[in-house]
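Listing of entry.cif; format and content: mmCIF, C-alpha atoms (C1' of nucleotides).
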```cif
data_entry
#
loop_
_atom_site.label_atom_id
_atom_site.label_comp_id
_atom_site.auth_asym_id
_atom_site.auth_seq_id
_atom_site.Cartn_x
_atom_site.Cartn_y
_atom_site.Cartn_z
CA MET A 1 56.16 19.28 -35.17
CA ASN A 2 52.59 20.40 -34.64
CA LYS A 3 52.83 20.92 -30.90
CA ILE A 4 49.59 21.69 -29.14
CA SER A 5 49.75 25.19 -27.68
CA THR A 6 49.18 25.85 -24.00
CA ARG A 7 46.12 27.84 -24.95
CA GLU A 8 44.64 24.87 -26.76
CA LYS A 9 45.47 22.59 -23.86
CA ILE A 10 43.66 24.93 -21.46
CA ILE A 11 40.57 25.03 -23.68
CA LYS A 12 40.49 21.28 -24.11
CA THR A 13 40.94 20.65 -20.40
CA ALA A 14 38.37 23.28 -19.42
CA ASP A 15 35.94 21.78 -21.93
CA GLN A 16 36.27 18.39 -20.28
CA LEU A 17 36.04 19.70 -16.72
CA PHE A 18 33.09 21.98 -17.48
CA TYR A 19 31.31 18.96 -18.87
CA GLU A 20 32.22 16.52 -16.12
CA ASN A 21 31.97 18.75 -13.05
CA GLY A 22 29.94 21.71 -14.26
CA PHE A 23 31.10 25.19 -15.26
CA ASP A 24 30.41 26.88 -11.96
CA HIS A 25 31.98 24.13 -9.91
CA THR A 26 35.18 24.04 -11.96
CA SER A 27 37.87 26.32 -10.57
CA PHE A 28 40.96 27.78 -12.16
CA ALA A 29 43.02 25.64 -9.82
CA ASP A 30 41.33 22.51 -11.18
CA VAL A 31 42.09 23.39 -14.78
CA ALA A 32 45.60 24.62 -14.01
CA ALA A 33 46.47 21.46 -12.10
CA LYS A 34 45.23 19.25 -14.92
CA VAL A 35 47.08 21.25 -17.60
CA GLY A 36 50.18 21.46 -15.43
CA ILE A 37 50.62 25.21 -15.24
CA SER A 38 50.37 27.74 -12.45
CA ARG A 39 47.14 29.56 -11.70
CA GLY A 40 48.49 33.01 -12.32
CA ASN A 41 49.76 31.99 -15.72
CA PHE A 42 46.17 31.73 -16.82
CA TYR A 43 45.79 35.42 -17.33
CA HIS A 44 48.40 35.46 -19.99
CA HIS A 45 46.06 33.35 -22.11
CA PHE A 46 42.60 34.37 -20.91
CA LYS A 47 41.27 37.57 -19.47
CA SER A 48 38.66 35.89 -17.26
CA LYS A 49 36.73 32.72 -16.58
CA ASP A 50 34.01 33.85 -18.96
CA ASP A 51 36.71 34.22 -21.56
CA ILE A 52 37.58 30.54 -21.22
CA LEU A 53 33.92 29.62 -21.39
CA LYS A 54 33.68 31.55 -24.62
CA ALA A 55 36.58 29.61 -26.07
CA VAL A 56 35.11 26.31 -24.87
CA ILE A 57 31.74 27.03 -26.48
CA GLU A 58 33.49 28.07 -29.69
CA ARG A 59 35.45 24.82 -29.62
CA ARG A 60 32.27 22.80 -29.19
CA ARG A 61 30.63 24.74 -31.98
CA LYS A 62 33.49 24.00 -34.31
CA ASN A 63 33.57 20.32 -33.37
CA THR A 64 29.85 20.10 -34.03
CA LEU A 65 30.18 21.71 -37.44
CA ASP A 66 33.06 19.38 -38.33
CA MET A 67 31.03 16.36 -37.29
CA ILE A 68 28.03 17.47 -39.33
CA ASP A 69 30.32 18.15 -42.28
CA GLU A 70 31.73 14.67 -42.07
CA TRP A 71 28.25 13.15 -42.14
CA GLU A 72 27.32 15.26 -45.13
CA GLN A 73 30.35 14.00 -47.02
CA ASN A 74 30.28 10.34 -46.06
CA VAL A 75 26.64 9.37 -45.68
CA GLY A 76 24.45 9.14 -48.74
CA THR A 77 20.88 9.62 -47.52
CA PRO A 78 19.13 12.14 -45.24
CA LYS A 79 17.81 9.29 -43.12
CA GLY A 80 21.29 7.81 -42.79
CA ARG A 81 22.62 11.17 -41.66
CA ILE A 82 19.89 11.58 -39.05
CA LYS A 83 20.80 8.14 -37.76
CA CYS A 84 24.37 9.38 -37.39
CA TYR A 85 23.04 11.97 -34.98
CA ILE A 86 21.23 9.30 -32.99
CA ASN A 87 24.37 7.18 -32.94
CA ILE A 88 26.26 9.89 -31.06
CA PHE A 89 24.43 8.65 -28.00
CA ILE A 90 25.88 5.18 -28.49
CA LYS A 91 29.36 6.46 -29.26
CA ASN A 92 29.39 8.65 -26.15
CA GLN A 93 27.38 6.26 -24.03
CA SER A 94 29.70 6.00 -21.04
CA LEU A 95 30.18 9.77 -20.81
CA ILE A 96 26.43 10.36 -21.01
CA LYS A 97 25.90 7.78 -18.32
CA ASP A 98 28.18 9.71 -15.98
CA PHE A 99 27.50 13.33 -16.94
CA GLY A 100 24.48 13.61 -19.24
CA CYS A 101 24.42 15.32 -22.62
CA PRO A 102 27.07 18.06 -22.85
CA VAL A 103 24.75 20.37 -24.79
CA GLY A 104 21.61 20.04 -22.69
CA THR A 105 23.39 20.17 -19.33
CA LEU A 106 25.38 23.27 -20.26
CA THR A 107 22.35 25.20 -21.55
CA ASN A 108 20.52 24.42 -18.33
CA GLU A 109 23.44 25.44 -16.13
CA MET A 110 23.76 28.71 -18.06
CA ALA A 111 20.03 29.28 -17.55
CA LYS A 112 20.24 28.72 -13.80
CA LEU A 113 23.30 30.94 -13.48
CA ASN A 114 21.54 33.55 -15.59
CA HIS A 115 24.79 33.69 -17.54
CA ALA A 116 25.45 36.21 -20.30
CA GLN A 117 26.65 33.45 -22.63
CA ALA A 118 23.52 31.32 -22.25
CA LYS A 119 22.52 32.11 -25.82
CA ASP A 120 25.86 30.99 -27.18
CA ALA A 121 25.38 27.64 -25.49
CA VAL A 122 21.90 27.33 -26.98
CA ALA A 123 23.40 28.04 -30.41
CA ILE A 124 24.96 24.54 -30.37
CA PHE A 125 21.48 23.09 -29.99
CA MET A 126 20.38 25.32 -32.85
CA LEU A 127 23.11 23.94 -35.12
CA PHE A 128 21.74 20.44 -34.69
CA LYS A 129 18.18 21.61 -35.04
CA ASP A 130 18.69 23.59 -38.24
CA TRP A 131 20.71 20.77 -39.75
CA LEU A 132 18.05 18.21 -38.85
CA VAL A 133 15.39 20.37 -40.50
CA VAL A 134 17.40 20.32 -43.73
CA GLN A 135 17.68 16.53 -43.58
CA PHE A 136 13.95 16.03 -43.03
CA GLU A 137 13.18 18.44 -45.86
CA ARG A 138 15.53 16.59 -48.18
CA ALA A 139 13.75 13.40 -47.21
CA GLY A 140 10.49 14.94 -48.38
CA CYS A 141 8.98 15.90 -45.03
CA ASN A 142 8.30 19.48 -46.09
CA ASN A 143 5.18 20.04 -44.02
CA ASN A 144 6.55 19.16 -40.62
CA ALA A 145 10.35 19.12 -40.86
CA ALA A 146 10.66 21.51 -37.91
CA GLU A 147 8.37 19.45 -35.67
CA LEU A 148 10.14 16.22 -36.56
CA SER A 149 13.54 17.75 -35.86
CA MET A 150 12.51 19.04 -32.48
CA HIS A 151 11.06 15.65 -31.69
CA VAL A 152 14.36 13.93 -32.43
CA LEU A 153 16.20 16.43 -30.24
CA SER A 154 13.63 16.23 -27.47
CA TRP A 155 13.48 12.46 -27.39
CA SER A 156 17.25 12.03 -27.39
CA GLN A 157 17.68 14.69 -24.71
CA GLY A 158 15.17 12.97 -22.47
CA ALA A 159 16.83 9.62 -23.03
CA ALA A 160 20.19 11.12 -22.03
CA THR A 161 18.75 12.69 -18.86
CA LEU A 162 17.06 9.47 -17.76
CA TYR A 163 20.06 7.33 -18.66
CA ASN A 164 22.24 9.59 -16.53
CA ALA A 165 19.75 9.31 -13.66
CA PHE A 166 18.84 5.61 -13.78
CA GLN A 167 22.10 4.21 -15.17
CA ASP A 168 20.12 1.57 -17.03
CA ASP A 169 21.98 0.31 -20.12
CA GLU A 170 19.01 -1.63 -21.40
CA PHE A 171 16.85 1.47 -21.29
CA LEU A 172 19.18 3.55 -23.46
CA LYS A 173 19.61 0.73 -25.93
CA ASN A 174 15.87 0.29 -26.20
CA GLU A 175 15.17 4.02 -26.53
CA LEU A 176 17.61 4.32 -29.44
CA VAL A 177 15.99 1.32 -31.13
CA GLN A 178 12.63 3.04 -30.69
CA ILE A 179 13.88 6.33 -32.12
CA ASN A 180 15.31 4.56 -35.15
CA ALA A 181 12.07 2.64 -35.62
CA TRP A 182 10.08 5.85 -35.39
CA LEU A 183 12.38 7.43 -37.94
CA ASP A 184 11.68 4.55 -40.32
CA THR A 185 7.95 5.29 -40.09
CA GLN A 186 8.59 8.96 -40.92
CA ILE A 187 11.02 8.46 -43.79
CA LYS A 188 10.44 5.48 -46.08
CA GLU A 189 13.36 5.54 -48.51
CA GLY A 190 17.04 5.49 -47.61
CA MET B 1 -2.42 29.58 14.59
CA ASN B 2 -0.44 27.18 12.45
CA LYS B 3 2.73 29.25 12.24
CA ILE B 4 5.39 27.98 9.88
CA SER B 5 8.54 27.12 11.78
CA THR B 6 11.91 28.66 10.92
CA ARG B 7 13.13 25.23 9.95
CA GLU B 8 10.31 24.83 7.46
CA LYS B 9 10.97 28.30 6.08
CA ILE B 10 14.63 27.43 5.55
CA ILE B 11 13.77 24.21 3.73
CA LYS B 12 11.20 25.88 1.50
CA THR B 13 13.56 28.72 0.62
CA ALA B 14 16.48 26.38 0.00
CA ASP B 15 14.24 24.23 -2.20
CA GLN B 16 13.41 27.23 -4.36
CA LEU B 17 16.98 28.53 -4.57
CA PHE B 18 18.46 25.10 -5.30
CA TYR B 19 16.00 24.83 -8.17
CA GLU B 20 16.44 28.33 -9.55
CA ASN B 21 20.17 28.84 -9.13
CA GLY B 22 21.49 25.32 -8.66
CA PHE B 23 22.54 23.56 -5.45
CA ASP B 24 26.24 24.24 -5.75
CA HIS B 25 25.78 27.89 -6.63
CA THR B 26 23.43 28.55 -3.70
CA SER B 27 25.20 29.64 -0.52
CA PHE B 28 24.11 29.64 3.11
CA ALA B 29 24.13 33.41 2.99
CA ASP B 30 21.69 33.41 0.07
CA VAL B 31 19.23 31.23 1.94
CA ALA B 32 19.72 33.05 5.23
CA ALA B 33 19.18 36.44 3.60
CA LYS B 34 16.00 35.29 1.89
CA VAL B 35 14.62 33.73 5.08
CA GLY B 36 15.67 36.76 7.10
CA ILE B 37 17.83 35.09 9.73
CA SER B 38 21.50 35.32 10.59
CA ARG B 39 23.99 32.83 9.30
CA GLY B 40 24.90 31.67 12.78
CA ASN B 41 21.30 30.84 13.47
CA PHE B 42 21.53 28.35 10.67
CA TYR B 43 23.60 25.94 12.66
CA HIS B 44 20.85 25.68 15.17
CA HIS B 45 18.72 24.06 12.46
CA PHE B 46 21.15 22.40 10.08
CA LYS B 47 24.60 21.01 10.63
CA SER B 48 25.78 21.38 7.05
CA LYS B 49 24.74 22.22 3.53
CA ASP B 50 24.27 18.53 2.77
CA ASP B 51 21.92 18.41 5.72
CA ILE B 52 19.69 21.03 4.09
CA LEU B 53 19.85 19.20 0.79
CA LYS B 54 18.64 16.09 2.55
CA ALA B 55 15.66 17.97 3.95
CA VAL B 56 14.93 19.57 0.57
CA ILE B 57 14.93 16.22 -1.21
CA GLU B 58 12.70 14.78 1.51
CA ARG B 59 10.33 17.72 1.06
CA ARG B 60 10.20 17.15 -2.69
CA ARG B 61 9.62 13.46 -2.12
CA LYS B 62 6.71 14.15 0.17
CA ASN B 63 5.21 16.74 -2.19
CA THR B 64 5.43 14.24 -5.04
CA LEU B 65 3.72 11.53 -3.01
CA ASP B 66 0.97 13.96 -1.99
CA MET B 67 0.42 15.00 -5.59
CA ILE B 68 0.22 11.39 -6.76
CA ASP B 69 -2.15 10.63 -3.90
CA GLU B 70 -4.41 13.45 -4.95
CA TRP B 71 -4.56 12.16 -8.52
CA GLU B 72 -5.37 8.68 -7.26
CA GLN B 73 -8.28 10.03 -5.26
CA ASN B 74 -9.73 12.53 -7.71
CA VAL B 75 -9.16 11.09 -11.18
CA GLY B 76 -11.14 8.06 -12.27
CA THR B 77 -9.09 6.41 -15.02
CA PRO B 78 -5.42 5.41 -15.38
CA LYS B 79 -5.18 7.41 -18.60
CA GLY B 80 -6.65 10.46 -16.89
CA ARG B 81 -4.05 10.16 -14.13
CA ILE B 82 -1.19 9.87 -16.59
CA LYS B 83 -2.47 13.02 -18.25
CA CYS B 84 -2.28 14.70 -14.85
CA TYR B 85 1.43 13.98 -14.90
CA ILE B 86 1.77 15.51 -18.35
CA ASN B 87 -0.19 18.54 -17.21
CA ILE B 88 2.44 19.36 -14.59
CA PHE B 89 4.46 20.76 -17.46
CA ILE B 90 1.66 23.18 -18.30
CA LYS B 91 1.02 24.12 -14.70
CA ASN B 92 4.72 24.83 -14.09
CA GLN B 93 5.38 26.18 -17.56
CA SER B 94 6.96 29.49 -16.64
CA LEU B 95 9.29 27.89 -14.07
CA ILE B 96 10.37 25.22 -16.54
CA LYS B 97 11.00 27.90 -19.12
CA ASP B 98 13.43 29.63 -16.77
CA PHE B 99 15.01 26.72 -14.89
CA GLY B 100 14.12 23.39 -16.52
CA CYS B 101 12.57 20.40 -14.75
CA PRO B 102 13.43 20.39 -11.04
CA VAL B 103 13.85 16.61 -10.96
CA GLY B 104 16.00 16.18 -14.07
CA THR B 105 18.23 19.17 -13.41
CA LEU B 106 18.90 18.16 -9.82
CA THR B 107 19.78 14.56 -10.67
CA ASN B 108 22.21 15.80 -13.30
CA GLU B 109 23.82 18.32 -10.98
CA MET B 110 24.23 15.62 -8.32
CA ALA B 111 25.84 13.38 -10.95
CA LYS B 112 28.33 16.06 -11.99
CA LEU B 113 29.17 16.90 -8.39
CA ASN B 114 29.54 13.19 -7.70
CA HIS B 115 27.38 13.89 -4.68
CA ALA B 116 26.63 11.30 -2.01
CA GLN B 117 22.92 12.09 -2.19
CA ALA B 118 22.66 11.57 -5.95
CA LYS B 119 20.64 8.42 -5.40
CA ASP B 120 18.14 10.20 -3.19
CA ALA B 121 17.53 12.70 -5.96
CA VAL B 122 17.02 9.90 -8.46
CA ALA B 123 14.48 8.36 -6.08
CA ILE B 124 12.04 11.17 -6.99
CA PHE B 125 12.27 10.11 -10.61
CA MET B 126 11.70 6.55 -9.46
CA LEU B 127 8.49 7.54 -7.66
CA PHE B 128 7.03 8.84 -10.90
CA LYS B 129 8.29 5.89 -12.86
CA ASP B 130 6.91 3.22 -10.53
CA TRP B 131 3.60 5.03 -10.30
CA LEU B 132 3.37 5.35 -14.09
CA VAL B 133 4.03 1.63 -14.45
CA VAL B 134 1.06 0.91 -12.19
CA GLN B 135 -1.16 3.19 -14.28
CA PHE B 136 -0.18 1.55 -17.56
CA GLU B 137 -0.71 -1.88 -16.04
CA ARG B 138 -4.15 -0.88 -14.80
CA ALA B 139 -4.91 0.33 -18.31
CA GLY B 140 -4.12 -3.15 -19.61
CA CYS B 141 -0.62 -2.55 -20.98
CA ASN B 142 0.87 -5.49 -19.12
CA ASN B 143 3.51 -6.41 -21.67
CA ASN B 144 5.27 -3.08 -21.93
CA ALA B 145 4.17 -0.93 -19.00
CA ALA B 146 7.80 -0.24 -18.02
CA GLU B 147 8.80 0.83 -21.53
CA LEU B 148 5.76 3.06 -21.90
CA SER B 149 6.43 4.69 -18.52
CA MET B 150 10.04 5.42 -19.35
CA HIS B 151 8.94 6.83 -22.68
CA VAL B 152 6.57 9.29 -20.99
CA LEU B 153 9.33 10.37 -18.60
CA SER B 154 11.92 10.59 -21.34
CA TRP B 155 9.77 12.56 -23.73
CA SER B 156 8.62 15.04 -21.09
CA GLN B 157 12.17 15.47 -19.80
CA GLY B 158 13.44 16.23 -23.28
CA ALA B 159 10.62 18.68 -23.88
CA ALA B 160 11.50 20.48 -20.64
CA THR B 161 15.20 20.68 -21.55
CA LEU B 162 14.52 22.05 -25.02
CA TYR B 163 11.85 24.44 -23.79
CA ASN B 164 14.31 25.81 -21.27
CA ALA B 165 16.92 26.19 -24.01
CA PHE B 166 14.84 27.55 -26.89
CA GLN B 167 12.16 29.41 -24.90
CA ASP B 168 9.62 28.52 -27.57
CA ASP B 169 6.07 28.46 -26.16
CA GLU B 170 4.60 26.94 -29.31
CA PHE B 171 7.06 24.06 -29.14
CA LEU B 172 6.11 23.06 -25.61
CA LYS B 173 2.41 23.33 -26.38
CA ASN B 174 2.81 21.16 -29.46
CA GLU B 175 4.96 18.55 -27.67
CA LEU B 176 2.35 18.13 -24.95
CA VAL B 177 -0.37 17.74 -27.58
CA GLN B 178 1.78 15.07 -29.23
CA ILE B 179 2.37 13.22 -25.97
CA ASN B 180 -1.34 13.20 -25.22
CA ALA B 181 -2.12 12.01 -28.75
CA TRP B 182 0.47 9.24 -28.40
CA LEU B 183 -1.08 8.24 -25.08
CA ASP B 184 -4.47 7.94 -26.78
CA THR B 185 -2.99 5.44 -29.26
CA GLN B 186 -1.57 3.37 -26.39
CA ILE B 187 -4.64 3.39 -24.14
CA LYS B 188 -8.01 3.26 -25.82
CA GLU B 189 -10.54 3.54 -23.00
CA GLY B 190 -10.74 6.30 -20.41
"C1'" DG C 1 58.73 39.66 -26.60
"C1'" DT C 2 56.51 35.54 -25.08
"C1'" DC C 3 55.66 32.48 -21.64
"C1'" DT C 4 55.74 31.11 -16.85
"C1'" DA C 5 55.87 31.02 -11.62
"C1'" DT C 6 55.23 33.19 -7.23
"C1'" DA C 7 52.98 35.98 -4.20
"C1'" DA C 8 49.45 38.79 -2.73
"C1'" DC C 9 44.89 41.08 -2.85
"C1'" DT C 10 39.74 40.86 -2.45
"C1'" DG C 11 35.58 38.87 -1.71
"C1'" DG C 12 32.71 35.24 -0.37
"C1'" DA C 13 32.21 30.64 1.33
"C1'" DT C 14 31.71 27.14 5.29
"C1'" DA C 15 32.27 26.60 9.93
"C1'" DG C 16 32.06 27.37 14.71
"C1'" DA C 17 33.01 29.84 19.21
"C1'" DC C 18 31.11 33.00 22.22
"C1'" DG D 1 22.70 36.80 17.07
"C1'" DT D 2 27.42 38.52 16.62
"C1'" DC D 3 31.84 37.94 15.65
"C1'" DT D 4 35.84 35.46 14.14
"C1'" DA D 5 38.71 31.80 11.95
"C1'" DT D 6 39.84 29.52 7.97
"C1'" DC D 7 39.68 28.39 3.42
"C1'" DC D 8 39.28 28.89 -1.45
"C1'" DA D 9 37.64 31.31 -5.39
"C1'" DG D 10 38.88 34.87 -9.14
"C1'" DT D 11 41.99 38.26 -10.07
"C1'" DT D 12 46.16 41.23 -10.33
"C1'" DA D 13 51.16 42.51 -9.94
"C1'" DT D 14 55.69 41.52 -10.42
"C1'" DA D 15 59.67 39.39 -11.70
"C1'" DG D 16 62.23 35.73 -13.76
"C1'" DA D 17 63.20 32.21 -17.86
"C1'" DC D 18 63.39 31.22 -22.65
#
```
Any chance you could give the structure as structure tokens?
Amino acid sequence: MNKISTREKIIKTADQLFYENGFDHTSFADVAAKVGISRGNFYHHFKSKDDILKAVIERRRKNTLDMIDEWEQNVGTPKGRIKCYINIFIKNQSLIKDFGCPVGTLTNEMAKLNHAQAKDAVAIFMLFKDWLVVQFERAGCNNNAAELSMHVLSWSQGAATLYNAFQDDEFLKNELVQINAWLDTQIKEG
Amino acid sequence: MNKISTREKIIKTADQLFYENGFDHTSFADVAAKVGISRGNFYHHFKSKDDILKAVIERRRKNTLDMIDEWEQNVGTPKGRIKCYINIFIKNQSLIKDFGCPVGTLTNEMAKLNHAQAKDAVAIFMLFKDWLVVQFERAGCNNNAAELSMHVLSWSQGAATLYNAFQDDEFLKNELVQINAWLDTQIKEG
DNA sequence: GTCTATAACTGGATAGAC
DNA sequence: GTCTATCCAGTTATAGAC
């Protein structure tokens, strides 16, 4: 019986609430109510709110690494793997429509709060970036792999922000078509 | 003597603090302290925090319209005016580095807070979008003016988000060069 | 010993009366 | 402009249940 521990439940719930309502705006009471435990009980599992944030970021980091790993194992070409990244925005479409990109919105909130863990949040972005660079290099784009990677990140981030603002399904669909088309001009084979 | 009224001072200060620290995280006391008035005095000018937000969004709306108006009057070609929009990101570079784009970050915060004024915040985005469509149409891009406009917004938004996260001056500089170069391929004259 | 619930403390928030 | 009421956040202390 692989029962999910209370600690894991707290992290998972906090992850969701931080994403949907913002870190600052999410209270212990909110998380506790959703998990179904008392507020005071929290401190048996976490020393402070920042401690939960740390665990949430670590969880997201791990999930990102697992996802990247899965692409590496199951998708044969660098271009195909980059398209997997782009497809996240389709897979998570309804969440992005309501709350934006979890990575970009957290890094910005950390920046505005001048939070000590801002850099840890940015590290998730960095995971994607470094991985994308490797893909572009494998695809033969050795001169400008970094620029191309940042462009993919930048474009998809902007699409997420505008989709969240305008709520226009056609727009997102079209943007992703455009990104894929652009990718085809950058990488011929695959 | 065109003395700035207390009300105007409150709005201006709230505008800045909402941008730099986030709307939710900014308290009455923060604004009051920065303006130099007592908290009680606040209620003479604003009934509630949402009331200030309303005034702040209206201020931003007006500032945006004024800026667009100025471009219309002083810049001769549609392409030149679109480049004025792109140049905002250079002009406000250091602020964007620290806090992101004021429009995109506010709309996202409103979305996460499920705030009643979310649509008013999005309206600022809409001002830029509608105006960009007119510019692209004037430049002869009648078939895809809407798509091109959204692409400019999307790309610049993404660049702002990543610049805020990575703090990489070279990246922002390069992205803006790329956007301008792309614009030159879309609009020949001007 | 591990987990949980209850209660209480402290500070800061909105709100409003005077 | 001061002063107070009320509420809710994060946190801590304590004591009980498994």
Open item on the list: Would you compute the distance between CA of Gly140 in chain B and CA of Thr77 in chain B? Give it in Å to one decimal.
Closed with: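 Separation between CA of Gly140 in chain B and CA of Thr77 in chain B: 11.7 Å.
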Open item on the list: At a cut-off of 10 Å, which residues of chain D touch chain A? Count all atoms listed in the file and give the answer as a PyMOL selection string.
Closed with: chain D and resi 8-12
Resulting file, chosen residues, C-alpha atoms (C1' of nucleotides), as a CSV table (one decimal), in the coordinates of the input:
```csv
chain,number,residue,atom,x,y,z
D,8,DC,C1',39.3,28.9,-1.4
D,9,DA,C1',37.6,31.3,-5.4
D,10,DG,C1',38.9,34.9,-9.1
D,11,DT,C1',42.0,38.3,-10.1
D,12,DT,C1',46.2,41.2,-10.3
```
Task: For range 170-183 of chain A: contacts at 10 Å, all atoms listed in the file, fewer than 5 positions along chain excluded, given as a PyMOL selection string - done: (chain A and resi 79+82-83+86-87+89-90+93+97+148+151-152+155-156+158-160+162-164+188) or (chain B and resi 146-147+150-151+154)
Task: A:His44, A:Ile187, A:Leu17, A:Val134 ranked by distance to chain B, top pick (using only C-alpha atoms) - done: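 Closest to chain B, using only C-alpha atoms: A:Leu17.
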- [ ] List, as a ChimeraX atom specification, every residue that the PyMOL selection byres ((chain B) within 8 of (chain A)) selects in the file provided.
- [x] /B:20-22,24-25,98-100,104-105,107-109,111-113,122,151,153-159,161-162,164-166,175
Sort by chain and increasing residue number a table of all residues of chain A within 10 Å of chain C, each with its closest pair of atoms and their distance in Å to one decimal, counting all atoms listed in the file, and write it as JSON lines.
```
{"residue": "A:Thr6", "atom": "CA", "partner": "C:DC3", "partner_atom": "C1'", "distance": 9.6}
{"residue": "A:Ile37", "atom": "CA", "partner": "C:DT4", "partner_atom": "C1'", "distance": 8.0}
{"residue": "A:Ser38", "atom": "CA", "partner": "C:DA5", "partner_atom": "C1'", "distance": 6.5}
{"residue": "A:Arg39", "atom": "CA", "partner": "C:DA5", "partner_atom": "C1'", "distance": 8.9}
{"residue": "A:Gly40", "atom": "CA", "partner": "C:DA5", "partner_atom": "C1'", "distance": 7.7}
{"residue": "A:Asn41", "atom": "CA", "partner": "C:DT4", "partner_atom": "C1'", "distance": 6.1}
{"residue": "A:Phe42", "atom": "CA", "partner": "C:DT4", "partner_atom": "C1'", "distance": 9.6}
{"residue": "A:His44", "atom": "CA", "partner": "C:DC3", "partner_atom": "C1'", "distance": 8.0}
{"residue": "A:His45", "atom": "CA", "partner": "C:DC3", "partner_atom": "C1'", "distance": 9.7}
```
Residues from the last selection, C-alpha atoms, saved as a PDB file, in the frame of the given file:
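Contents of again_16.pdb, freshly written:
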```
ATOM      1  CA  THR A   6      49.180  25.850 -24.000  1.00  0.00           C
ATOM      2  CA  ILE A  37      50.620  25.210 -15.240  1.00  0.00           C
ATOM      3  CA  SER A  38      50.370  27.740 -12.450  1.00  0.00           C
ATOM      4  CA  ARG A  39      47.140  29.560 -11.700  1.00  0.00           C
ATOM      5  CA  GLY A  40      48.490  33.010 -12.320  1.00  0.00           C
ATOM      6  CA  ASN A  41      49.760  31.990 -15.720  1.00  0.00           C
ATOM      7  CA  PHE A  42      46.170  31.730 -16.820  1.00  0.00           C
ATOM      8  CA  HIS A  44      48.400  35.460 -19.990  1.00  0.00           C
ATOM      9  CA  HIS A  45      46.060  33.350 -22.110  1.00  0.00           C
TER      10      HIS A  45
END
```
TODO: Carefully work through the PyMOL selection byres ((chain B and resi 11-13) around 7) for this structure and note down the residues it includes, as a PyMOL selection string.
DONE: chain B and resi 7-10+14-17+31+35+52+55-56
Just write the chosen residues, C-alpha atoms, as an mmCIF file, in the coordinates of the input.
```
data_model
loop_
_atom_site.group_PDB
_atom_site.id
_atom_site.type_symbol
_atom_site.label_atom_id
_atom_site.label_comp_id
_atom_site.auth_asym_id
_atom_site.auth_seq_id
_atom_site.Cartn_x
_atom_site.Cartn_y
_atom_site.Cartn_z
ATOM 1 C CA ARG B 7 13.130 25.230 9.950
ATOM 2 C CA GLU B 8 10.310 24.830 7.460
ATOM 3 C CA LYS B 9 10.970 28.300 6.080
ATOM 4 C CA ILE B 10 14.630 27.430 5.550
ATOM 5 C CA ALA B 14 16.480 26.380 0.000
ATOM 6 C CA ASP B 15 14.240 24.230 -2.200
ATOM 7 C CA GLN B 16 13.410 27.230 -4.360
ATOM 8 C CA LEU B 17 16.980 28.530 -4.570
ATOM 9 C CA VAL B 31 19.230 31.230 1.940
ATOM 10 C CA VAL B 35 14.620 33.730 5.080
ATOM 11 C CA ILE B 52 19.690 21.030 4.090
ATOM 12 C CA ALA B 55 15.660 17.970 3.950
ATOM 13 C CA VAL B 56 14.930 19.570 0.570
#
```
Return as lines of an AutoDock Vina configuration file the box centre and box size in Å, one decimal, for an axis-aligned box around all listed atoms of range 10-17 of chain D padded by 6 Å per side.
```
center_x = 51.0
center_y = 37.4
center_z = -13.5
size_x = 36.3
size_y = 22.3
size_z = 20.7
```
